[in-house]
$ cat query-v6.cif   # mmCIF, C-alpha atoms
data_model
#
loop_
_atom_site.label_atom_id
_atom_site.label_comp_id
_atom_site.auth_asym_id
_atom_site.auth_seq_id
_atom_site.Cartn_x
_atom_site.Cartn_y
_atom_site.Cartn_z
CA MET A 1 -82.31 42.38 -80.82
CA ALA A 2 -79.03 40.49 -80.59
CA LYS A 3 -78.41 36.86 -79.78
CA GLN A 4 -75.22 35.68 -78.13
CA ARG A 5 -74.17 32.17 -77.12
CA PHE A 6 -71.77 31.55 -74.26
CA SER A 7 -69.91 28.55 -73.05
CA VAL A 8 -70.30 28.34 -69.25
CA PRO A 9 -67.91 25.61 -68.11
CA ASP A 10 -68.53 26.15 -64.40
CA MET A 11 -72.23 25.23 -64.47
CA HIS A 12 -72.18 22.18 -62.22
CA CYS A 13 -75.79 21.27 -61.59
CA SER A 14 -79.19 21.96 -63.09
CA ALA A 15 -79.87 24.62 -60.44
CA CYS A 16 -77.22 26.76 -62.16
CA VAL A 17 -79.51 26.77 -65.20
CA MET A 18 -82.26 28.46 -63.19
CA ARG A 19 -79.82 30.91 -61.61
CA LEU A 20 -78.57 32.02 -65.03
CA GLU A 21 -82.05 32.17 -66.53
CA SER A 22 -83.17 34.47 -63.71
CA LEU A 23 -81.25 37.21 -65.57
CA GLU A 24 -84.44 37.43 -67.65
CA ASP A 25 -86.18 38.98 -64.65
CA GLU A 26 -83.25 40.84 -63.17
CA LEU A 27 -81.35 42.54 -65.98
CA PRO A 28 -83.17 45.21 -68.03
CA GLY A 29 -82.70 44.65 -71.76
CA VAL A 30 -82.57 40.85 -71.53
CA LYS A 31 -85.45 39.29 -73.45
CA GLN A 32 -84.75 35.59 -73.09
CA VAL A 33 -82.11 33.32 -71.58
CA LYS A 34 -81.84 29.64 -72.51
CA ALA A 35 -79.27 27.75 -70.47
CA SER A 36 -78.36 24.08 -70.65
CA PHE A 37 -76.45 22.22 -68.00
CA HIS A 38 -76.07 19.27 -70.35
CA ARG A 39 -74.28 21.35 -73.00
CA GLN A 40 -72.69 23.80 -70.52
CA GLU A 41 -73.96 26.66 -72.66
CA MET A 42 -76.34 29.56 -72.51
CA GLU A 43 -77.95 31.70 -75.17
CA VAL A 44 -79.08 35.24 -74.40
CA GLU A 45 -81.40 37.33 -76.52
CA TYR A 46 -81.04 40.99 -75.58
CA ASP A 47 -81.75 44.52 -76.73
CA GLU A 48 -78.45 46.11 -77.79
CA SER A 49 -79.82 49.61 -77.32
CA HIS A 50 -80.33 48.92 -73.61
CA LEU A 51 -77.51 46.52 -72.82
CA THR A 52 -73.93 46.06 -73.98
CA LEU A 53 -72.17 42.71 -74.29
CA ASP A 54 -69.73 43.80 -71.59
CA ALA A 55 -72.52 44.62 -69.15
CA LEU A 56 -74.10 41.24 -69.89
CA LEU A 57 -70.82 39.40 -69.30
CA ASN A 58 -70.40 41.34 -66.09
CA ALA A 59 -73.85 40.34 -64.86
CA ILE A 60 -73.16 36.66 -65.55
CA GLN A 61 -69.80 36.90 -63.79
CA LYS A 62 -71.49 38.48 -60.77
CA LYS A 63 -73.51 35.29 -60.44
CA GLY A 64 -70.25 33.42 -60.01
CA TYR A 65 -69.74 32.05 -63.55
CA HIS A 66 -67.06 32.55 -66.17
CA PRO A 67 -68.80 32.80 -69.55
CA GLN A 68 -66.89 32.56 -72.83
CA PRO A 69 -68.66 34.15 -75.84
CA LEU A 70 -69.12 31.65 -78.70
CA ASP A 71 -69.57 32.09 -82.52
CA MET B 1 -110.57 2.59 -36.91
CA GLU B 2 -108.55 -0.07 -35.15
CA SER B 3 -107.01 -1.12 -38.46
CA LEU B 4 -105.87 2.48 -39.04
CA TRP B 5 -104.11 2.49 -35.68
CA VAL B 6 -102.43 -0.84 -36.50
CA ALA B 7 -101.37 0.57 -39.88
CA PHE B 8 -99.88 3.65 -38.20
CA VAL B 9 -97.95 1.63 -35.61
CA THR B 10 -96.71 -0.80 -38.29
CA GLY B 11 -95.43 2.20 -40.24
CA LEU B 12 -93.82 3.70 -37.14
CA THR B 13 -91.98 0.48 -36.32
CA THR B 14 -91.03 -1.94 -39.09
CA GLY B 15 -92.44 0.04 -42.02
CA GLY B 16 -90.18 3.05 -41.52
CA LEU B 17 -86.96 1.07 -41.40
CA SER B 18 -87.85 -1.32 -44.17
CA CYS B 19 -89.02 1.47 -46.48
CA MET B 20 -85.97 3.58 -45.67
CA ALA B 21 -83.81 0.70 -46.85
CA VAL B 22 -85.66 0.61 -50.15
CA GLN B 23 -86.63 4.21 -50.77
CA GLY B 24 -83.75 5.92 -48.95
CA GLY B 25 -81.91 6.18 -52.25
CA LEU B 26 -84.53 8.48 -53.72
CA LEU B 27 -84.52 10.64 -50.60
CA ALA B 28 -80.71 10.77 -50.66
CA SER B 29 -80.80 11.86 -54.31
CA SER B 30 -83.19 14.70 -53.58
CA LEU B 31 -81.17 15.87 -50.57
CA ALA B 32 -77.90 15.57 -52.45
CA GLY B 33 -79.26 17.88 -55.14
CA GLN B 34 -80.52 20.39 -52.60
CA LEU B 35 -77.34 20.55 -50.54
CA GLU B 36 -75.19 20.72 -53.65
CA LYS B 37 -77.23 23.73 -54.73
CA ASP B 38 -76.91 25.44 -51.37
CA LEU B 39 -73.19 24.96 -51.37
CA SER B 40 -72.86 26.46 -54.84
CA ARG B 41 -75.05 29.38 -53.79
CA GLN B 42 -72.92 29.98 -50.73
CA ALA B 43 -69.75 29.77 -52.78
CA SER B 44 -71.00 32.46 -55.13
CA GLN B 45 -72.14 34.64 -52.22
CA LYS B 46 -69.02 34.24 -50.17
CA LYS B 47 -67.98 37.86 -50.41
CA LYS B 48 -71.28 39.43 -49.47
CA THR B 49 -73.23 37.43 -46.97
CA HIS B 50 -76.83 37.35 -47.94
CA PRO B 51 -79.09 38.08 -44.97
CA SER B 52 -82.06 36.23 -46.46
CA ALA B 53 -80.10 33.12 -47.42
CA PRO B 54 -81.83 30.05 -45.96
CA SER B 55 -80.10 28.62 -42.92
CA ARG B 56 -78.41 25.27 -43.18
CA HIS B 57 -81.08 23.89 -40.84
CA SER B 58 -83.97 24.82 -43.12
CA ALA B 59 -81.97 23.76 -46.18
CA VAL B 60 -82.03 20.21 -44.87
CA VAL B 61 -85.44 20.19 -43.20
CA PHE B 62 -87.50 21.59 -46.09
CA PRO B 63 -86.51 19.09 -48.75
CA ILE B 64 -87.05 16.19 -46.32
CA LEU B 65 -90.49 17.55 -45.43
CA ALA B 66 -91.33 18.12 -49.10
CA PHE B 67 -90.25 14.57 -49.93
CA LEU B 68 -92.34 13.11 -47.10
CA LEU B 69 -95.34 15.28 -47.93
CA ALA B 70 -95.26 14.19 -51.56
CA LYS B 71 -94.85 10.58 -50.48
CA LEU B 72 -97.80 10.85 -48.11
CA THR B 73 -99.99 12.42 -50.78
CA ALA B 74 -98.97 9.90 -53.44
CA TYR B 75 -99.64 6.93 -51.19
CA THR B 76 -102.97 8.32 -50.02
CA LEU B 77 -104.03 8.65 -53.66
CA LEU B 78 -102.71 5.16 -54.34
CA GLY B 79 -104.75 3.86 -51.39
CA ALA B 80 -107.87 5.48 -52.82
CA LEU B 81 -107.15 3.95 -56.21
CA LEU B 82 -106.48 0.50 -54.75
CA GLY B 83 -109.54 0.59 -52.57
CA ALA B 84 -111.69 1.72 -55.51
CA LEU B 85 -110.34 -0.91 -57.84
CA GLY B 86 -110.69 -3.57 -55.20
CA SER B 87 -108.55 -5.72 -57.36
CA LEU B 88 -104.90 -6.57 -57.00
CA PHE B 89 -102.69 -3.80 -58.30
CA GLU B 90 -99.32 -5.38 -57.99
CA LEU B 91 -96.07 -4.87 -59.79
CA THR B 92 -94.63 -8.21 -60.90
CA PRO B 93 -91.20 -9.17 -59.50
CA GLU B 94 -89.69 -8.70 -62.97
CA LEU B 95 -91.09 -5.19 -63.25
CA ARG B 96 -89.86 -4.34 -59.75
CA ALA B 97 -86.43 -5.73 -60.63
CA ILE B 98 -86.33 -3.52 -63.74
CA LEU B 99 -87.33 -0.52 -61.61
CA LEU B 100 -84.60 -1.29 -59.07
CA PHE B 101 -82.01 -1.60 -61.85
CA GLY B 102 -83.26 1.70 -63.26
CA VAL B 103 -82.99 3.46 -59.89
CA GLY B 104 -79.51 1.95 -59.44
CA VAL B 105 -78.31 3.19 -62.83
CA PHE B 106 -79.80 6.65 -62.14
CA MET B 107 -77.97 6.91 -58.81
CA LEU B 108 -74.72 5.60 -60.24
CA GLY B 109 -74.89 8.09 -63.11
CA ASN B 110 -75.51 10.95 -60.69
CA ALA B 111 -72.62 9.87 -58.49
CA LEU B 112 -70.28 9.80 -61.50
CA ARG B 113 -71.55 13.23 -62.53
CA MET B 114 -70.76 14.62 -59.07
CA LEU B 115 -67.29 13.15 -59.29
CA ASN B 116 -66.95 14.83 -62.71
CA VAL B 117 -65.91 11.59 -64.35
CA HIS B 118 -67.19 12.37 -67.85
CA PRO B 119 -69.44 15.06 -69.41
CA MET B 120 -71.91 12.39 -70.57
CA PHE B 121 -73.00 11.82 -66.95
CA ARG B 122 -74.56 15.32 -66.97
CA TYR B 123 -77.45 13.68 -68.78
CA PHE B 124 -78.37 11.84 -65.57
CA THR B 125 -79.65 15.11 -64.17
CA PHE B 126 -83.24 15.81 -64.88
CA GLU B 127 -83.74 19.25 -66.40
CA PRO B 128 -87.33 20.45 -66.34
CA PRO B 129 -88.44 22.05 -69.66
CA GLN B 130 -87.78 25.77 -70.01
CA ALA B 131 -91.43 26.77 -69.62
CA VAL B 132 -91.61 24.78 -66.37
CA ARG B 133 -88.34 26.33 -65.17
CA ARG B 134 -89.66 29.81 -65.83
CA TRP B 135 -92.92 29.06 -64.08
CA LEU B 136 -91.10 27.62 -61.07
CA ARG B 137 -88.71 30.55 -60.94
CA ARG B 138 -91.46 33.08 -61.02
CA THR B 139 -93.84 31.36 -58.66
CA SER B 140 -91.24 30.64 -56.06
CA ARG B 141 -88.33 32.84 -55.10
CA GLU B 142 -86.76 29.78 -53.62
CA GLU B 143 -85.90 28.50 -57.10
CA ASN B 144 -86.62 24.78 -57.46
CA ARG B 145 -85.85 23.73 -53.90
CA TRP B 146 -89.22 21.95 -53.66
CA PHE B 147 -89.46 20.46 -57.10
CA THR B 148 -87.00 17.58 -56.98
CA PRO B 149 -87.89 16.30 -53.48
CA LEU B 150 -91.60 16.59 -54.29
CA MET B 151 -91.24 14.62 -57.48
CA LEU B 152 -88.99 11.98 -55.96
CA GLY B 153 -91.28 11.64 -52.94
CA ALA B 154 -94.19 10.94 -55.25
CA LEU B 155 -92.06 8.44 -57.19
CA THR B 156 -91.69 6.24 -54.10
CA VAL B 157 -95.03 4.67 -55.03
CA LEU B 158 -93.11 2.84 -57.76
CA ILE B 159 -90.79 1.08 -55.30
CA PRO B 160 -92.90 0.06 -52.31
CA CYS B 161 -91.11 -2.05 -49.70
CA GLY B 162 -92.53 -5.37 -48.55
CA VAL B 163 -94.35 -3.92 -45.55
CA THR B 164 -95.87 -1.28 -47.81
CA GLN B 165 -97.01 -3.96 -50.20
CA THR B 166 -98.72 -5.72 -47.31
CA MET B 167 -100.57 -2.48 -46.61
CA MET B 168 -101.36 -2.05 -50.30
CA ALA B 169 -102.94 -5.48 -50.33
CA LEU B 170 -104.95 -4.52 -47.25
CA ALA B 171 -106.08 -1.34 -49.01
CA VAL B 172 -107.32 -3.43 -51.91
CA GLY B 173 -109.15 -5.61 -49.40
CA THR B 174 -111.08 -2.65 -48.01
CA GLY B 175 -112.89 -2.32 -51.33
CA SER B 176 -113.53 1.36 -50.67
CA ALA B 177 -111.62 4.38 -51.95
CA ALA B 178 -112.01 6.30 -48.66
CA GLN B 179 -110.92 3.41 -46.47
CA GLY B 180 -108.04 2.46 -48.78
CA ALA B 181 -106.83 6.06 -48.75
CA ALA B 182 -107.15 6.30 -44.95
CA LEU B 183 -105.23 3.07 -44.45
CA LEU B 184 -102.24 4.02 -46.61
CA PHE B 185 -102.31 7.57 -45.21
CA ALA B 186 -102.06 6.21 -41.64
CA PHE B 187 -99.29 3.79 -42.58
CA THR B 188 -97.22 6.31 -44.55
CA LEU B 189 -97.65 8.90 -41.80
CA GLY B 190 -96.29 6.28 -39.40
CA THR B 191 -93.17 5.74 -41.52
CA SER B 192 -92.45 9.49 -41.69
CA PRO B 193 -90.75 10.05 -38.29
CA VAL B 194 -88.21 7.29 -38.96
CA PHE B 195 -87.52 8.66 -42.44
CA PHE B 196 -87.18 12.17 -41.11
CA GLY B 197 -84.90 11.20 -38.22
CA LEU B 198 -82.54 9.07 -40.30
CA ALA B 199 -82.44 11.52 -43.18
CA TYR B 200 -81.81 14.49 -40.90
CA LEU B 201 -79.02 12.73 -39.02
CA ALA B 202 -77.43 11.54 -42.24
CA THR B 203 -77.45 14.95 -43.88
CA SER B 204 -76.36 16.89 -40.78
CA LEU B 205 -73.37 14.63 -40.67
CA GLY B 206 -72.82 15.28 -44.36
CA THR B 207 -72.85 19.07 -44.04
CA ARG B 208 -70.02 19.03 -41.54
CA LEU B 209 -67.91 17.55 -44.23
CA GLU B 210 -68.90 20.29 -46.62
CA LYS B 211 -65.56 20.54 -48.38
CA HIS B 212 -65.79 16.90 -49.26
CA PHE B 213 -69.55 16.88 -49.58
CA ASN B 214 -69.71 16.07 -53.26
CA ARG B 215 -67.41 13.13 -52.83
CA VAL B 216 -69.19 11.86 -49.72
CA ALA B 217 -72.58 12.13 -51.41
CA ALA B 218 -71.24 10.46 -54.54
CA VAL B 219 -69.80 7.55 -52.56
CA LEU B 220 -73.08 7.21 -50.65
CA LEU B 221 -75.00 7.21 -53.91
CA ILE B 222 -72.70 4.54 -55.34
CA ILE B 223 -73.31 2.32 -52.29
CA LEU B 224 -77.08 2.81 -52.51
CA ALA B 225 -76.96 2.17 -56.26
CA LEU B 226 -75.15 -1.12 -55.70
CA VAL B 227 -77.67 -2.13 -52.99
CA SER B 228 -80.50 -1.31 -55.38
CA VAL B 229 -79.01 -3.27 -58.29
CA ASN B 230 -78.24 -6.17 -55.94
CA SER B 231 -81.87 -6.24 -54.77
CA GLY B 232 -82.92 -6.34 -58.40
CA LEU B 233 -80.58 -9.30 -59.00
CA ASN B 234 -82.05 -11.13 -55.98
CA LEU B 235 -85.55 -10.49 -57.27
CA VAL B 236 -84.87 -12.26 -60.53
CA GLY B 237 -83.02 -15.06 -58.68
CA SER B 238 -79.69 -14.21 -60.29
CA PRO B 239 -76.59 -16.16 -59.15
CA LEU B 240 -74.65 -12.89 -59.48
CA SER B 241 -76.17 -11.18 -56.42
CA ALA B 242 -73.86 -10.55 -53.45
CA GLU B 243 -75.75 -13.10 -51.34
CA ALA B 244 -75.61 -15.82 -54.02
CA LEU B 245 -71.92 -15.17 -54.70
CA SER B 246 -70.96 -15.29 -51.02
CA ARG B 247 -73.04 -18.44 -50.54
CA ASN B 248 -71.24 -20.12 -53.44
CA ALA B 249 -67.85 -18.96 -52.21
CA LEU B 250 -68.53 -20.36 -48.74
CA GLN B 251 -69.66 -23.64 -50.23
CA ALA B 252 -66.45 -23.84 -52.25
CA LEU B 253 -64.40 -23.39 -49.08
CA ASN B 254 -66.35 -25.76 -46.85
CA PRO B 255 -68.18 -28.78 -48.16
CA PRO B 256 -71.90 -28.04 -47.98
CA ALA B 257 -73.33 -28.25 -44.50
CA PRO B 258 -76.96 -27.61 -45.30
CA GLY B 259 -79.13 -25.86 -42.75
CA GLN B 260 -81.96 -28.32 -43.18
CA ILE B 261 -82.52 -31.54 -45.11
CA ALA B 262 -86.02 -32.57 -46.16
CA ASP B 263 -87.70 -35.28 -44.09
CA ALA B 264 -89.13 -38.58 -45.41
CA SER B 265 -92.08 -36.83 -47.05
CA ASN B 266 -89.71 -34.30 -48.69
CA THR B 267 -91.09 -31.51 -46.51
CA LEU B 268 -89.08 -28.42 -45.62
CA THR B 269 -89.96 -25.89 -42.93
CA LEU B 270 -88.78 -22.32 -43.28
CA GLN B 271 -89.02 -19.90 -40.33
CA VAL B 272 -89.97 -16.48 -41.67
CA ARG B 273 -88.74 -13.86 -39.18
CA ASP B 274 -88.45 -10.09 -39.23
CA ASP B 275 -84.75 -10.40 -40.01
CA GLY B 276 -84.96 -12.99 -42.77
CA TYR B 277 -85.48 -16.65 -43.60
CA PHE B 278 -84.10 -19.40 -41.35
CA PRO B 279 -82.37 -21.58 -42.26
CA ALA B 280 -81.37 -19.76 -45.44
CA GLU B 281 -80.04 -22.95 -47.03
CA LEU B 282 -82.29 -25.96 -47.48
CA THR B 283 -81.79 -29.30 -49.20
CA ALA B 284 -84.53 -31.46 -50.73
CA ARG B 285 -84.60 -34.69 -52.75
CA ALA B 286 -84.69 -34.24 -56.49
CA GLY B 287 -87.33 -35.91 -58.63
CA GLU B 288 -90.07 -35.67 -55.98
CA PRO B 289 -92.55 -32.94 -55.19
CA VAL B 290 -91.50 -30.79 -52.23
CA THR B 291 -93.76 -29.32 -49.60
CA LEU B 292 -92.36 -26.03 -48.32
CA LYS B 293 -93.93 -24.81 -45.08
CA LEU B 294 -93.52 -21.11 -44.42
CA VAL B 295 -93.99 -20.38 -40.73
CA THR B 296 -94.57 -16.84 -39.46
CA ASP B 297 -94.90 -15.87 -35.83
CA ASN B 298 -95.61 -12.20 -35.21
CA THR B 299 -93.65 -11.38 -38.35
CA PHE B 300 -94.15 -7.86 -39.63
CA SER B 301 -91.17 -7.19 -41.89
CA CYS B 302 -91.02 -7.44 -45.66
CA SER B 303 -89.94 -11.09 -45.33
CA ARG B 304 -93.70 -11.76 -45.34
CA ALA B 305 -93.83 -11.00 -49.06
CA PHE B 306 -92.26 -14.29 -50.19
CA LEU B 307 -91.08 -15.05 -53.73
CA ILE B 308 -89.51 -17.91 -55.66
CA PRO B 309 -88.71 -16.03 -58.88
CA ALA B 310 -87.88 -19.11 -61.00
CA LEU B 311 -91.27 -20.70 -60.27
CA LYS B 312 -93.19 -17.41 -60.28
CA VAL B 313 -94.38 -18.21 -56.76
CA GLN B 314 -95.50 -15.06 -54.94
CA ARG B 315 -97.14 -15.23 -51.49
CA LEU B 316 -98.18 -12.64 -48.97
CA LEU B 317 -97.86 -14.51 -45.67
CA PRO B 318 -100.06 -13.88 -42.63
CA ALA B 319 -98.37 -12.18 -39.64
CA THR B 320 -98.74 -15.45 -37.70
CA GLY B 321 -99.50 -18.79 -39.30
CA THR B 322 -98.27 -21.43 -41.71
CA GLU B 323 -98.51 -21.22 -45.46
CA VAL B 324 -97.71 -24.19 -47.69
CA VAL B 325 -96.04 -23.91 -51.08
CA GLU B 326 -95.99 -27.05 -53.26
CA ILE B 327 -92.88 -27.24 -55.41
CA PRO B 328 -92.97 -29.57 -58.42
CA PRO B 329 -90.20 -32.23 -58.80
CA GLN B 330 -86.83 -30.71 -59.76
CA LYS B 331 -83.77 -32.19 -61.47
CA PRO B 332 -80.74 -33.13 -59.31
CA GLY B 333 -78.37 -30.21 -58.89
CA THR B 334 -81.11 -27.60 -59.29
CA THR B 335 -80.93 -24.60 -56.97
CA LEU B 336 -84.04 -22.53 -56.35
CA HIS B 337 -83.48 -19.05 -54.97
CA PHE B 338 -86.13 -17.48 -52.78
CA THR B 339 -86.31 -13.87 -51.66
CA CYS B 340 -88.56 -11.26 -50.14
CA SER B 341 -90.34 -9.09 -52.68
CA MET B 342 -87.75 -6.31 -52.51
CA GLY B 343 -84.75 -8.62 -52.74
CA MET B 344 -83.53 -7.80 -49.22
CA PHE B 345 -83.71 -11.27 -47.60
CA THR B 346 -82.74 -14.37 -49.54
CA GLY B 347 -82.13 -18.09 -49.31
CA VAL B 348 -81.74 -21.15 -51.50
CA ILE B 349 -83.12 -24.69 -51.84
CA THR B 350 -80.73 -27.24 -53.34
CA PHE B 351 -82.01 -30.47 -54.90
CA ASN B 352 -79.90 -33.66 -54.93
#
$ encode --input "query-v6.cif" --output "structure tokens"
Amino acid sequence: MAKQRFSVPDMHCSACVMRLESLEDELPGVKQVKASFHRQEMEVEYDESHLTLDALLNAIQKKGYHPQPLD
Amino acid sequence: MESLWVAFVTGLTTGGLSCMAVQGGLLASSLAGQLEKDLSRQASQKKKTHPSAPSRHSAVVFPILAFLLAKLTAYTLLGALLGALGSLFELTPELRAILLFGVGVFMLGNALRMLNVHPMFRYFTFEPPQAVRRWLRRTSREENRWFTPLMLGALTVLIPCGVTQTMMALAVGTGSAAQGAALLFAFTLGTSPVFFGLAYLATSLGTRLEKHFNRVAAVLLIILALVSVNSGLNLVGSPLSAEALSRNALQALNPPAPGQIADASNTLTLQVRDDGYFPAELTARAGEPVTLKLVTDNTFSCSRAFLIPALKVQRLLPATGTEVVEIPPQKPGTTLHFTCSMGMFTGVITFN
């Protein structure tokens, strides 16, 4: 399992939080997504053997956001 | 049964408008959130049009209905509680003023967030805990389109308008949970068409300006926030409210031409009408007790819930009749502010 934090500067209301967290149900390999509108960040816990960081970034971008990996 | 019909008609007429003035801010907040969400969804789906995306019509109608449904349920429960208690369950003017200030600050913060003034204003958005978010997401495909309006609708019980308070007092008077619930249900149902109509018109107008929607909504929220804070100031009899300031400014320009001067027995008569208190400026002699007669004649607006905050006088006037308030002797130069219980109508008594 890998954990990756992203800065998501274009989250502009708390509904974005739920949109991003729905990746939990939609993207195989994602275990948990914690997003925060207040901090403009999200943290994704995912299975590296099923999902690459690039594919994850791609999925977030498809939702209309521009994530920047942190750490 | 007749009282239920009266409650419904009162809601349909004066109740709807008066409550909209007080609670409209909460409804506007819930709609603002919903429309903002829809716009962001549409922006992200611009390239591929989503066939199942909710139409603009339903995007406006559902949150209004959810808000009204929650309001109806909350007030029905409140009616049951009031009837069961059979005792006065009233928020004090100070507590209501604090609530109005709170609502004002909440709306102002949200407006500043929408205008992207500073990141700290993001904290004015309520974020449900993660477990609740997950539950909501999984139970409803519609994301949280119901949650905010439902919660805000239920919260309207905390800021009842004057007419609602009249009905709440009546519910207490029934002394029965079932009758209290039925009474507030009938009244709140009566207010719903006015709420729905005004809210729908307001938001349909807003969606046409979709490019500027955030700014329009933010400006609207700022106006409502100021109205709310101003009502709070009136409720505590503050000289800083818009009404008090304009009254003082007018007096500075023209030497005082009081609306009414007390007669030989230091008695003042105040006409309490649907649109306020007349005359709004009264003058009495200092150092003597004052008899203030409050005259209602088919008055159904919130002006019936009469307050003198400085003296802690709080009266619920009959629809038609005369109520007497005895005011103890005051020092020369004293001004006593009076207001309706939501701070919408005001006036002042000057002692000299």
$ closest_residue --input "query-v6.cif" --among "B:Met120, B:Val60, B:Met107, B:Val6" --to "Arg39 (chain A)" --atoms "all atoms listed in the file"
B:Met120
$ residues_around --input "query-v6.cif" --residues "Met1 (chain A)" --least-positions-apart "4" --cutoff "12 Å" --atoms "all atoms listed in the file" --output "VMD selection string"
chain A and resid 29 to 32 44 to 52
$ interface_residues --input "query-v6.cif" --of "chain A" --to "chain B" --cutoff "9 Å" --atoms "all atoms listed in the file" --output "ChimeraX atom specification"
/A:12-19,21-22,25,34-39,62-65
$ residues_around --input "query-v6.cif" --residues "Phe338 (chain B)" --least-positions-apart "2" --cutoff "12 Å" --atoms "only C-alpha atoms" --output "PyMOL selection string"
chain B and resi 93+233-239+243-244+270+272+276-282+292+294+303+305-315+325+335-336+340-350
$ atom_distance --input "query-v6.cif" --atom1 "CA of Phe185 (chain B)" --atom2 "CA of Leu77 (chain B)"
8.7 Å
$ closest_residue --input "query-v6.cif" --among "B:Thr76, B:Asn266, B:Ser231, B:Thr334" --to "Ala178 (chain B)" --atoms "all atoms listed in the file"
B:Thr76
$ atom_distance --input "query-v6.cif" --atom1 "CA of Ala7 (chain B)" --atom2 "CA of Gly180 (chain B)"
11.3 Å
$ closest_residue --input "query-v6.cif" --among "B:Thr148, B:Ser301, B:Thr73, B:Thr14" --to "Leu184 (chain B)" --atoms "only C-alpha atoms"
B:Thr73
$ atom_distance --input "query-v6.cif" --atom1 "CA of Ala80 (chain B)" --atom2 "CA of Leu189 (chain B)"
15.4 Å
$ closest_residue --input "query-v6.cif" --among "B:Ser176, B:Thr339, B:Ala218, B:Ser265" --to "Val117 (chain B)" --atoms "all atoms listed in the file"
B:Ala218
$ resolve_selection --input "query-v6.cif" --expression "the PyMOL selection byres ((chain B and resi 284) around 9)" --output "list in words"
Gln260, Ile261, Ala262, Asp263, Asn266, Thr267, Leu268, Leu282, Thr283, Arg285, Ala286, Glu288, Val290, Ile349, Thr350, Phe351 and Asn352 of chain B
$ closest_residue --input "query-v6.cif" --among "B:Leu72, B:Cys302, B:Leu201, B:Val295" --to "Val324 (chain B)" --atoms "all atoms listed in the file"
B:Val295
$ resolve_selection --input "query-v6.cif" --expression "the PyMOL selection byres ((chain B and resi 194) around 9)" --output "ChimeraX atom specification"
/B:11-13,15-17,20,190-193,195-199
